[in-house]
$ cat run-v6.pdb   # PDB, C-alpha atoms and all ligand atoms
ATOM      1  CA  MET A   1     128.159  68.412  25.515
ATOM      2  CA  ARG A   2     125.965  70.935  23.754
ATOM      3  CA  LEU A   3     127.443  69.904  20.415
ATOM      4  CA  ALA A   4     126.642  66.281  21.214
ATOM      5  CA  ALA A   5     123.030  67.206  21.977
ATOM      6  CA  LEU A   6     122.825  69.125  18.698
ATOM      7  CA  LEU A   7     124.224  66.124  16.817
ATOM      8  CA  VAL A   8     121.690  63.793  18.431
ATOM      9  CA  THR A   9     118.876  66.176  17.481
ATOM     10  CA  LEU A  10     120.192  66.366  13.921
ATOM     11  CA  MET A  11     120.442  62.606  13.631
ATOM     12  CA  MET A  12     116.933  62.153  14.995
ATOM     13  CA  ALA A  13     115.664  64.650  12.442
ATOM     14  CA  LEU A  14     117.382  62.673   9.678
ATOM     15  CA  VAL A  15     115.961  59.362  10.927
ATOM     16  CA  GLY A  16     112.566  61.049  11.106
ATOM     17  CA  THR A  17     112.882  62.108   7.482
ATOM     18  CA  ALA A  18     113.760  58.571   6.400
ATOM     19  CA  THR A  19     110.681  57.253   8.177
ATOM     20  CA  ALA A  20     108.437  59.889   6.646
ATOM     21  CA  ASP A  21     109.657  58.870   3.192
ATOM     22  CA  GLU A  22     108.525  55.317   3.760
ATOM     23  CA  ARG A  23     105.640  54.909   1.675
ATOM     24  CA  VAL A  24     101.073  52.126   4.563
ATOM     25  CA  VAL A  25     102.396  54.062   1.270
ATOM     26  CA  GLY A  26     103.314  57.662   2.054
ATOM     27  CA  GLY A  27     102.844  57.101   5.771
ATOM     28  CA  ASP A  28     104.729  57.641   8.979
ATOM     29  CA  ARG A  29     105.305  55.493  12.008
ATOM     30  CA  VAL A  30     102.557  56.067  14.540
ATOM     31  CA  SER A  31     102.186  54.911  18.124
ATOM     32  CA  ILE A  32      99.702  52.128  18.792
ATOM     33  CA  ASP A  33      98.976  53.898  22.090
ATOM     34  CA  ASP A  34      97.178  56.553  20.032
ATOM     35  CA  HIS A  35      95.263  53.882  18.053
ATOM     36  CA  PRO A  36      94.786  51.034  20.577
ATOM     37  CA  TRP A  37      91.953  49.567  18.472
ATOM     38  CA  VAL A  38      94.071  48.776  15.400
ATOM     39  CA  VAL A  39      94.976  45.070  15.171
ATOM     40  CA  TYR A  40      96.480  42.677  12.665
ATOM     41  CA  LEU A  41      95.633  39.160  11.573
ATOM     42  CA  THR A  42      98.132  36.337  11.251
ATOM     43  CA  ASP A  43      98.158  32.686  10.344
ATOM     44  CA  THR A  44      99.385  30.139  12.888
ATOM     45  CA  SER A  45     103.010  30.756  11.875
ATOM     46  CA  GLY A  46     102.675  34.438  12.795
ATOM     47  CA  PHE A  47     102.603  35.734   9.209
ATOM     48  CA  GLN A  48     100.670  39.031   9.063
ATOM     49  CA  PHE A  49      98.243  39.111   6.131
ATOM     50  CA  CYS A  50      95.587  41.718   7.000
ATOM     51  CA  GLY A  51      94.537  44.411   9.448
ATOM     52  CA  GLY A  52      91.435  44.854  11.543
ATOM     53  CA  THR A  53      89.713  47.102  14.064
ATOM     54  CA  LEU A  54      88.617  46.240  17.579
ATOM     55  CA  VAL A  55      85.029  47.542  17.787
ATOM     56  CA  ALA A  56      84.085  45.792  21.058
ATOM     57  CA  PRO A  57      86.204  43.966  23.663
ATOM     58  CA  ASP A  58      85.851  40.658  21.794
ATOM     59  CA  LYS A  59      84.907  41.776  18.244
ATOM     60  CA  VAL A  60      87.121  42.765  15.318
ATOM     61  CA  VAL A  61      85.844  44.187  12.055
ATOM     62  CA  THR A  62      87.936  43.262   9.038
ATOM     63  CA  ALA A  63      87.456  42.738   5.300
ATOM     64  CA  ALA A  64      85.520  39.726   4.044
ATOM     65  CA  HIS A  65      88.373  39.016   1.619
ATOM     66  CA  CYS A  66      90.671  38.662   4.661
ATOM     67  CA  ALA A  67      88.357  36.147   6.319
ATOM     68  CA  VAL A  68      86.987  33.938   3.541
ATOM     69  CA  GLY A  69      88.588  30.547   3.419
ATOM     70  CA  ARG A  70      89.996  30.927   6.918
ATOM     71  CA  THR A  71      88.920  29.126  10.046
ATOM     72  CA  ALA A  72      88.766  30.283  13.648
ATOM     73  CA  ARG A  73      91.397  27.630  14.362
ATOM     74  CA  ASN A  74      93.997  28.823  11.848
ATOM     75  CA  THR A  75      93.663  32.567  12.428
ATOM     76  CA  ARG A  76      95.088  34.802  15.159
ATOM     77  CA  VAL A  77      94.505  38.449  16.041
ATOM     78  CA  VAL A  78      97.406  40.469  17.426
ATOM     79  CA  VAL A  79      96.345  43.290  19.739
ATOM     80  CA  GLY A  80      98.595  46.002  21.147
ATOM     81  CA  ARG A  81     101.728  45.218  19.133
ATOM     82  CA  GLU A  82     103.132  48.099  17.091
ATOM     83  CA  ASP A  83     106.358  46.278  16.127
ATOM     84  CA  LYS A  84     105.733  42.872  14.536
ATOM     85  CA  LYS A  85     109.106  41.692  15.829
ATOM     86  CA  SER A  86     108.287  42.518  19.449
ATOM     87  CA  THR A  87     106.293  40.438  21.916
ATOM     88  CA  ALA A  88     104.206  43.388  23.126
ATOM     89  CA  GLY A  89     100.455  42.986  23.463
ATOM     90  CA  VAL A  90      98.607  39.722  23.048
ATOM     91  CA  VAL A  91      98.031  37.137  20.337
ATOM     92  CA  THR A  92      94.441  35.993  20.653
ATOM     93  CA  ARG A  93      92.527  33.076  19.212
ATOM     94  CA  LEU A  94      89.100  33.246  17.614
ATOM     95  CA  SER A  95      85.844  31.593  18.499
ATOM     96  CA  GLY A  96      83.981  32.621  15.364
ATOM     97  CA  ILE A  97      84.163  34.211  11.899
ATOM     98  CA  TRP A  98      81.221  35.908  10.218
ATOM     99  CA  VAL A  99      81.526  36.993   6.575
ATOM    100  CA  HIS A 100      78.874  39.206   5.010
ATOM    101  CA  PRO A 101      76.581  36.766   3.161
ATOM    102  CA  SER A 102      76.527  38.970   0.023
ATOM    103  CA  TYR A 103      80.320  39.022  -0.319
ATOM    104  CA  VAL A 104      81.719  37.632  -3.590
ATOM    105  CA  THR A 105      84.845  39.677  -4.399
ATOM    106  CA  ALA A 106      86.125  42.935  -2.913
ATOM    107  CA  ASP A 107      85.278  45.004  -5.999
ATOM    108  CA  GLN A 108      81.666  43.796  -5.889
ATOM    109  CA  GLY A 109      81.116  45.181  -2.363
ATOM    110  CA  ALA A 110      79.994  43.763   1.006
ATOM    111  CA  ASP A 111      83.688  43.369   1.858
ATOM    112  CA  VAL A 112      83.150  43.193   5.633
ATOM    113  CA  ALA A 113      83.584  40.473   8.214
ATOM    114  CA  VAL A 114      83.446  40.206  12.000
ATOM    115  CA  LEU A 115      85.808  38.053  14.034
ATOM    116  CA  THR A 116      84.849  36.995  17.544
ATOM    117  CA  LEU A 117      87.804  36.711  19.915
ATOM    118  CA  ARG A 118      87.998  33.986  22.539
ATOM    119  CA  ASP A 119      89.019  36.542  25.148
ATOM    120  CA  ARG A 120      87.929  40.075  25.865
ATOM    121  CA  MET A 121      90.576  42.748  25.234
ATOM    122  CA  SER A 122      91.166  45.667  27.580
ATOM    123  CA  GLU A 123      92.101  48.067  24.748
ATOM    124  CA  ARG A 124      89.666  50.847  23.919
ATOM    125  CA  PRO A 125      87.476  49.893  20.928
ATOM    126  CA  LEU A 126      86.643  52.223  18.017
ATOM    127  CA  PRO A 127      82.912  52.822  17.488
ATOM    128  CA  LEU A 128      81.352  52.014  14.114
ATOM    129  CA  ALA A 129      80.061  54.876  11.997
ATOM    130  CA  GLY A 130      76.286  54.771  12.206
ATOM    131  CA  PRO A 131      73.144  56.845  11.810
ATOM    132  CA  GLY A 132      74.053  60.488  12.308
ATOM    133  CA  ASP A 133      77.597  60.047  11.004
ATOM    134  CA  GLU A 134      76.786  60.757   7.327
ATOM    135  CA  ALA A 135      78.776  64.012   7.525
ATOM    136  CA  LEU A 136      81.990  62.002   8.003
ATOM    137  CA  TYR A 137      81.643  60.870   4.383
ATOM    138  CA  ALA A 138      81.668  64.424   3.012
ATOM    139  CA  PRO A 139      84.405  64.853   0.371
ATOM    140  CA  GLY A 140      87.544  66.297   1.919
ATOM    141  CA  THR A 141      86.959  64.841   5.392
ATOM    142  CA  PRO A 142      90.384  63.788   6.715
ATOM    143  CA  GLY A 143      90.466  60.005   7.029
ATOM    144  CA  HIS A 144      93.191  58.141   8.864
ATOM    145  CA  ILE A 145      94.556  54.914   7.404
ATOM    146  CA  LEU A 146      96.673  52.531   9.438
ATOM    147  CA  GLY A 147      98.445  49.266   8.808
ATOM    148  CA  TRP A 148     101.475  47.021   8.620
ATOM    149  CA  GLY A 149     101.160  46.410   4.869
ATOM    150  CA  ARG A 150     103.438  47.200   1.944
ATOM    151  CA  ILE A 151     105.276  50.515   1.955
ATOM    152  CA  SER A 152     105.176  50.695  -1.855
ATOM    153  CA  GLU A 153     103.294  48.800  -4.552
ATOM    154  CA  GLN A 154     106.088  46.298  -5.148
ATOM    155  CA  GLY A 155     107.849  46.931  -1.867
ATOM    156  CA  PRO A 156     108.145  45.037   1.394
ATOM    157  CA  VAL A 157     105.581  45.086   4.160
ATOM    158  CA  SER A 158     106.221  47.275   7.184
ATOM    159  CA  GLN A 159     107.655  45.935  10.411
ATOM    160  CA  TYR A 160     106.000  48.809  12.258
ATOM    161  CA  LEU A 161     102.514  50.276  12.376
ATOM    162  CA  LEU A 162     102.297  53.084   9.811
ATOM    163  CA  GLY A 163      99.596  55.676   9.420
ATOM    164  CA  ALA A 164      98.670  58.467   7.049
ATOM    165  CA  THR A 165      95.868  60.930   6.437
ATOM    166  CA  VAL A 166      93.867  60.762   3.210
ATOM    167  CA  PRO A 167      90.825  62.861   2.345
ATOM    168  CA  VAL A 168      87.486  61.201   1.652
ATOM    169  CA  MET A 169      86.921  61.500  -2.094
ATOM    170  CA  ALA A 170      83.746  62.547  -3.894
ATOM    171  CA  ASP A 171      81.803  59.562  -5.238
ATOM    172  CA  GLY A 172      81.892  61.058  -8.732
ATOM    173  CA  ASP A 173      85.688  61.145  -8.728
ATOM    174  CA  CYS A 174      85.820  57.553  -7.571
ATOM    175  CA  ALA A 175      83.302  56.483 -10.203
ATOM    176  CA  ASP A 176      85.562  58.116 -12.799
ATOM    177  CA  ALA A 177      88.503  56.105 -11.481
ATOM    178  CA  TYR A 178      86.781  52.713 -11.260
ATOM    179  CA  PHE A 179      83.881  51.253 -13.251
ATOM    180  CA  GLN A 180      83.281  48.805 -10.357
ATOM    181  CA  PHE A 181      82.724  51.586  -7.827
ATOM    182  CA  HIS A 182      79.396  51.291  -5.992
ATOM    183  CA  ALA A 183      78.720  54.440  -3.987
ATOM    184  CA  ASP A 184      76.251  52.728  -1.676
ATOM    185  CA  GLU A 185      78.716  50.123  -0.390
ATOM    186  CA  MET A 186      82.110  51.761  -0.998
ATOM    187  CA  VAL A 187      83.903  54.997  -0.262
ATOM    188  CA  CYS A 188      87.181  56.160  -1.771
ATOM    189  CA  ALA A 189      89.926  58.058  -0.009
ATOM    190  CA  GLY A 190      93.166  59.482  -1.281
ATOM    191  CA  TYR A 191      94.541  62.148  -3.567
ATOM    192  CA  LEU A 192      93.926  62.266  -7.316
ATOM    193  CA  GLU A 193      97.678  62.771  -7.708
ATOM    194  CA  GLY A 194      98.339  59.624  -5.629
ATOM    195  CA  GLY A 195     101.298  59.242  -3.296
ATOM    196  CA  VAL A 196      99.467  58.248  -0.102
ATOM    197  CA  ASP A 197      97.442  55.052   0.147
ATOM    198  CA  THR A 198      96.818  51.704   1.732
ATOM    199  CA  CYS A 199      98.444  48.721   0.048
ATOM    200  CA  GLN A 200      98.587  44.943   0.159
ATOM    201  CA  GLY A 201      98.544  43.752   3.776
ATOM    202  CA  ASP A 202      96.578  46.800   4.976
ATOM    203  CA  SER A 203      93.304  45.230   3.881
ATOM    204  CA  GLY A 204      90.736  44.826   6.618
ATOM    205  CA  GLY A 205      92.263  47.691   8.576
ATOM    206  CA  PRO A 206      90.613  50.961   9.504
ATOM    207  CA  LEU A 207      89.740  54.167   7.715
ATOM    208  CA  GLU A 208      88.979  56.315  10.762
ATOM    209  CA  ALA A 209      87.415  59.769  10.838
ATOM    210  CA  GLY A 210      85.849  61.761  13.654
ATOM    211  CA  GLY A 211      86.627  59.003  16.138
ATOM    212  CA  ARG A 212      84.582  56.436  14.170
ATOM    213  CA  LEU A 213      85.346  53.526  11.903
ATOM    214  CA  ILE A 214      84.046  54.869   8.588
ATOM    215  CA  GLY A 215      85.757  52.427   6.221
ATOM    216  CA  VAL A 216      87.426  49.031   5.974
ATOM    217  CA  THR A 217      90.440  48.842   3.651
ATOM    218  CA  SER A 218      89.205  46.845   0.685
ATOM    219  CA  TRP A 219      90.763  47.268  -2.760
ATOM    220  CA  GLY A 220      92.277  49.529  -5.408
ATOM    221  CA  GLU A 221      94.348  49.320  -8.555
ATOM    222  CA  GLY A 222      97.910  49.159  -7.348
ATOM    223  CA  CYS A 223      98.892  51.471  -4.520
ATOM    224  CA  ALA A 224      99.190  55.252  -4.383
ATOM    225  CA  ARG A 225      98.867  55.592  -8.168
ATOM    226  CA  GLU A 226      97.597  58.768  -9.742
ATOM    227  CA  ASN A 227      93.800  58.621 -10.281
ATOM    228  CA  ARG A 228      93.605  55.260  -8.485
ATOM    229  CA  PRO A 229      92.438  55.976  -4.910
ATOM    230  CA  GLY A 230      92.041  53.354  -2.224
ATOM    231  CA  VAL A 231      88.556  51.864  -1.934
ATOM    232  CA  TYR A 232      87.028  51.180   1.476
ATOM    233  CA  SER A 233      83.886  49.340   2.559
ATOM    234  CA  LYS A 234      81.357  51.960   3.631
ATOM    235  CA  VAL A 235      80.792  51.083   7.287
ATOM    236  CA  ILE A 236      77.708  53.306   7.704
ATOM    237  CA  ARG A 237      75.979  51.211   5.022
ATOM    238  CA  PHE A 238      76.698  48.020   6.982
ATOM    239  CA  HIS A 239      76.169  49.497  10.451
ATOM    240  CA  ASP A 240      73.054  47.470  11.352
ATOM    241  CA  VAL A 241      74.305  44.128  10.116
ATOM    242  CA  LEU A 242      77.701  44.692  11.762
ATOM    243  CA  LEU A 243      76.140  45.765  15.059
ATOM    244  CA  GLU A 244      74.002  42.649  15.035
ATOM    245  CA  GLN A 245      77.201  40.597  14.842
ATOM    246  CA  VAL A 246      79.040  42.752  17.367
ATOM    247  CA  ASN A 247      76.227  42.424  19.895
ATOM    248  CA  GLY A 248      75.616  38.757  19.129
ATOM    249  CA  GLU A 249      77.141  35.708  20.736
ATOM    250  CA  GLY A 250      79.393  34.991  17.729
TER     251      GLY A 250
HETATM  252  C1  LIG B   1      95.332  44.655  -1.230
HETATM  253  O1  LIG B   1      95.786  43.979  -2.149
HETATM  254  C2  LIG B   1      95.099  46.098  -1.460
HETATM  255  N1  LIG B   1      95.518  50.854  -2.678
HETATM  256  C3  LIG B   1      94.678  46.894  -0.418
HETATM  257  C4  LIG B   1      94.464  48.230  -0.618
HETATM  258  C5  LIG B   1      94.657  48.771  -1.862
HETATM  259  C6  LIG B   1      95.080  47.988  -2.908
HETATM  260  C7  LIG B   1      95.302  46.631  -2.711
HETATM  261  C8  LIG B   1      94.417  50.220  -2.068
HETATM  262  O2  LIG B   1      95.109  44.162  -0.139
END

$ encode --input "run-v6.pdb" --output "structure tokens" --more "lines below"
Ligand code: 4AZ
Amino acid sequence: MRLAALLVTLMMALVGTATADERVVGGDRVSIDDHPWVVYLTDTSGFQFCGGTLVAPDKVVTAAHCAVGRTARNTRVVVGREDKKSTAGVVTRLSGIWVHPSYVTADQGADVAVLTLRDRMSERPLPLAGPGDEALYAPGTPGHILGWGRISEQGPVSQYLLGATVPVMADGDCADAYFQFHADEMVCAGYLEGGVDTCQGDSGGPLEAGGRLIGVTSWGEGCARENRPGVYSKVIRFHDVLLEQVNGEG
């Protein structure tokens, strides 16, 4: 009996190791109960293509590049479902899509959008970073990335919600990595040596720090590459325009 318990513990440790090796890239499975505000977007066939963050009972912040070209009719938001293959949580329809009017491409900035849900969700929303939250952008601040996207640059997407911690990077380091980096509208997070990052399918999802949404997963060259950090829309920069949408009728 005691041997059996030991074996179970050993096997769980091994399974845990396998999960930790899954490379979001370099992430681990996390419970949606600890991040009730993280959501994903699907088309009408249920295909997951982006992430998002519930910032009010009926408002989701995502990336503009996740929302352009879509309609409220052909887009769904899945709330409260950690395992894509489960039926947990709810699949909700939209009543409106707002894309930042300055958005052109992700690497030119303004990569933010707000989706209005037809129904109000009971899950706890994540507040937007706003005035007074500048300190959350200090280099080295631990940021939390979450998503159901690819587990490696050329790999498959994740069936389960994965999360990882990446430090906010100094603007100078990000400018060295990318000529397109605009410090006013973007923030980088990750390690110069790579290994941990968001990837395709995580776009639109949260970069959370200090209990606030500080970034929206936007772009990067590949995933988890050395000297190629993930780039996130700088929520504090868009706080007013986002809040206007969040408090509006949508
Ligand atoms: C993408 O294609 C994407 N490594 C998202 C995040 C990153 C790269 C690409 C950052 O949606």

$ resolve_selection --input "run-v6.pdb" --expression "the PyMOL selection byres (((chain A and resi 97) around 9) and not hetatm)" --output "PyMOL selection string"
chain A and resi 67-68+70-72+94-96+98-99+113-116+250

$ closest_atom_pairs --input "run-v6.pdb" --of "chain A" --to "ligand LIG 1 (chain B)" --cutoff "7 Å" --atoms "all atoms listed in the file" --output "tab-separated table"
residue	atom	partner	partner_atom	distance
A:Asp197	CA	B:LIG1	N1	5.4
A:Thr198	CA	B:LIG1	N1	4.7
A:Cys199	CA	B:LIG1	C4	4.1
A:Gln200	CA	B:LIG1	C1	3.6
A:Gly201	CA	B:LIG1	O2	5.2
A:Asp202	CA	B:LIG1	C3	5.7
A:Ser203	CA	B:LIG1	O2	4.5
A:Thr217	CA	B:LIG1	C4	5.9
A:Ser218	CA	B:LIG1	C3	5.6
A:Trp219	CA	B:LIG1	C5	4.3
A:Gly220	CA	B:LIG1	C8	4.0
A:Glu221	CA	B:LIG1	C6	5.8
A:Gly222	CA	B:LIG1	C6	5.4
A:Cys223	CA	B:LIG1	N1	3.9
A:Ala224	CA	B:LIG1	N1	6.0
A:Pro229	CA	B:LIG1	N1	6.4
A:Gly230	CA	B:LIG1	C8	3.9
A:Val231	CA	B:LIG1	C8	6.1

$ atom_distance --input "run-v6.pdb" --atom1 "CA of Leu243 in chain A" --atom2 "CA of Gly132 in chain A"
15.1 Å

$ closest_residue --input "run-v6.pdb" --among "A:Ile214, A:Leu54, A:Ile32, A:Ala183" --to "Leu162 in chain A" --atoms "only C-alpha atoms"
A:Ile32

$ resolve_selection --input "run-v6.pdb" --expression "the PyMOL selection byres (((chain A and resi 149) around 10) and not hetatm)" --output "PDB file with C-alpha atoms, keeping the file's coordinate frame"
ATOM      1  CA  VAL A  24     101.073  52.126   4.563  1.00  0.00           C
ATOM      2  CA  VAL A  25     102.396  54.062   1.270  1.00  0.00           C
ATOM      3  CA  TYR A  40      96.480  42.677  12.665  1.00  0.00           C
ATOM      4  CA  GLN A  48     100.670  39.031   9.063  1.00  0.00           C
ATOM      5  CA  PHE A  49      98.243  39.111   6.131  1.00  0.00           C
ATOM      6  CA  CYS A  50      95.587  41.718   7.000  1.00  0.00           C
ATOM      7  CA  GLY A  51      94.537  44.411   9.448  1.00  0.00           C
ATOM      8  CA  LEU A 146      96.673  52.531   9.438  1.00  0.00           C
ATOM      9  CA  GLY A 147      98.445  49.266   8.808  1.00  0.00           C
ATOM     10  CA  TRP A 148     101.475  47.021   8.620  1.00  0.00           C
ATOM     11  CA  ARG A 150     103.438  47.200   1.944  1.00  0.00           C
ATOM     12  CA  ILE A 151     105.276  50.515   1.955  1.00  0.00           C
ATOM     13  CA  SER A 152     105.176  50.695  -1.855  1.00  0.00           C
ATOM     14  CA  GLU A 153     103.294  48.800  -4.552  1.00  0.00           C
ATOM     15  CA  GLY A 155     107.849  46.931  -1.867  1.00  0.00           C
ATOM     16  CA  PRO A 156     108.145  45.037   1.394  1.00  0.00           C
ATOM     17  CA  VAL A 157     105.581  45.086   4.160  1.00  0.00           C
ATOM     18  CA  SER A 158     106.221  47.275   7.184  1.00  0.00           C
ATOM     19  CA  GLN A 159     107.655  45.935  10.411  1.00  0.00           C
ATOM     20  CA  TYR A 160     106.000  48.809  12.258  1.00  0.00           C
ATOM     21  CA  LEU A 161     102.514  50.276  12.376  1.00  0.00           C
ATOM     22  CA  LEU A 162     102.297  53.084   9.811  1.00  0.00           C
ATOM     23  CA  THR A 198      96.818  51.704   1.732  1.00  0.00           C
ATOM     24  CA  CYS A 199      98.444  48.721   0.048  1.00  0.00           C
ATOM     25  CA  GLN A 200      98.587  44.943   0.159  1.00  0.00           C
ATOM     26  CA  GLY A 201      98.544  43.752   3.776  1.00  0.00           C
ATOM     27  CA  ASP A 202      96.578  46.800   4.976  1.00  0.00           C
ATOM     28  CA  SER A 203      93.304  45.230   3.881  1.00  0.00           C
ATOM     29  CA  GLY A 205      92.263  47.691   8.576  1.00  0.00           C
TER      30      GLY A 205
END

$ closest_residue --input "run-v6.pdb" --among "A:Arg76, A:His65, A:Lys234, A:Arg212" --to "Phe181 in chain A" --atoms "all atoms listed in the file"
A:Lys234

$ closest_atom_pairs --input "run-v6.pdb" --of "range 169-208 of chain A" --to "range 135-140 of chain A" --cutoff "12 Å" --atoms "all atoms listed in the file" --output "JSON lines"
{"residue": "A:Met169", "atom": "CA", "partner": "A:Pro139", "partner_atom": "CA", "distance": 4.9}
{"residue": "A:Ala170", "atom": "CA", "partner": "A:Pro139", "partner_atom": "CA", "distance": 4.9}
{"residue": "A:Asp171", "atom": "CA", "partner": "A:Pro139", "partner_atom": "CA", "distance": 8.1}
{"residue": "A:Gly172", "atom": "CA", "partner": "A:Pro139", "partner_atom": "CA", "distance": 10.2}
{"residue": "A:Asp173", "atom": "CA", "partner": "A:Pro139", "partner_atom": "CA", "distance": 9.9}
{"residue": "A:Cys174", "atom": "CA", "partner": "A:Pro139", "partner_atom": "CA", "distance": 10.9}
{"residue": "A:Ala183", "atom": "CA", "partner": "A:Tyr137", "partner_atom": "CA", "distance": 11.0}
{"residue": "A:Asp184", "atom": "CA", "partner": "A:Tyr137", "partner_atom": "CA", "distance": 11.5}
{"residue": "A:Met186", "atom": "CA", "partner": "A:Tyr137", "partner_atom": "CA", "distance": 10.6}
{"residue": "A:Val187", "atom": "CA", "partner": "A:Tyr137", "partner_atom": "CA", "distance": 7.8}
{"residue": "A:Cys188", "atom": "CA", "partner": "A:Pro139", "partner_atom": "CA", "distance": 9.4}
{"residue": "A:Ala189", "atom": "CA", "partner": "A:Pro139", "partner_atom": "CA", "distance": 8.8}
{"residue": "A:Gly190", "atom": "CA", "partner": "A:Gly140", "partner_atom": "CA", "distance": 9.4}
{"residue": "A:Tyr191", "atom": "CA", "partner": "A:Gly140", "partner_atom": "CA", "distance": 9.8}
{"residue": "A:Leu192", "atom": "CA", "partner": "A:Gly140", "partner_atom": "CA", "distance": 11.9}
{"residue": "A:Leu207", "atom": "CA", "partner": "A:Leu136", "partner_atom": "CA", "distance": 11.0}
{"residue": "A:Glu208", "atom": "CA", "partner": "A:Leu136", "partner_atom": "CA", "distance": 9.4}

$ closest_residue --input "run-v6.pdb" --among "A:Asp58, A:Asp240, A:Asp43, A:Asp33" --to "Gly130 in chain A" --atoms "all atoms listed in the file"
A:Asp240

$ resolve_selection --input "run-v6.pdb" --expression "the PyMOL selection byres (((chain A and resi 62) around 7) and not hetatm)" --output "list in words"
Gly51, Gly52, Thr53, Val60, Val61, Ala63, Ala64, Cys66, Val112, Ala113, Val114, Gly204, Gly205 and Val216 of chain A

$ closest_residue --input "run-v6.pdb" --among "A:Glu226, A:Glu185, A:Asp28, A:Asp107" --to "Phe238 in chain A" --atoms "all atoms listed in the file"
A:Glu185

$ atom_distance --input "run-v6.pdb" --atom1 "CA of Asp83 in chain A" --atom2 "CA of Ser31 in chain A"
9.8 Å

$ residues_around --input "run-v6.pdb" --residues "Gly46 in chain A" --least-positions-apart "5" --cutoff "10 Å" --atoms "all atoms listed in the file" --output "number ranges by chain"
A: 41, 75-78, 84, 91

$ atom_distance --input "run-v6.pdb" --atom1 "CA of Gly143 in chain A" --atom2 "CA of Val168 in chain A"
6.3 Å

$ closest_residue --input "run-v6.pdb" --among "A:Val166, A:Gly194, A:Gln108, A:Val90" --to "Arg225 in chain A" --atoms "all atoms listed in the file"
A:Gly194

$ closest_residue --input "run-v6.pdb" --among "A:Asp176, A:Arg93, A:Ala106, A:Thr87" --to "Asn74 in chain A" --atoms "only C-alpha atoms"
A:Arg93

$ axis_aligned_box --input "run-v6.pdb" --around "range 92-96 of chain A" --padding-each-side "5 Å" --output "lines of an AutoDock Vina configuration file"
center_x = 89.2
center_y = 33.8
center_z = 18.0
size_x = 20.5
size_y = 14.4
size_z = 15.3

$ residues_around --input "run-v6.pdb" --residues "Pro36 in chain A" --least-positions-apart "6" --cutoff "10 Å" --atoms "all atoms listed in the file" --output "mmCIF file with C-alpha atoms, in the frame of the given file"
data_model
loop_
_atom_site.group_PDB
_atom_site.id
_atom_site.type_symbol
_atom_site.label_atom_id
_atom_site.label_comp_id
_atom_site.auth_asym_id
_atom_site.auth_seq_id
_atom_site.Cartn_x
_atom_site.Cartn_y
_atom_site.Cartn_z
ATOM 1 C CA THR A 53 89.713 47.102 14.064
ATOM 2 C CA LEU A 54 88.617 46.240 17.579
ATOM 3 C CA VAL A 79 96.345 43.290 19.739
ATOM 4 C CA GLY A 80 98.595 46.002 21.147
ATOM 5 C CA ARG A 81 101.728 45.218 19.133
ATOM 6 C CA GLU A 82 103.132 48.099 17.091
ATOM 7 C CA SER A 122 91.166 45.667 27.580
ATOM 8 C CA GLU A 123 92.101 48.067 24.748
ATOM 9 C CA ARG A 124 89.666 50.847 23.919
ATOM 10 C CA PRO A 125 87.476 49.893 20.928
ATOM 11 C CA LEU A 126 86.643 52.223 18.017
#
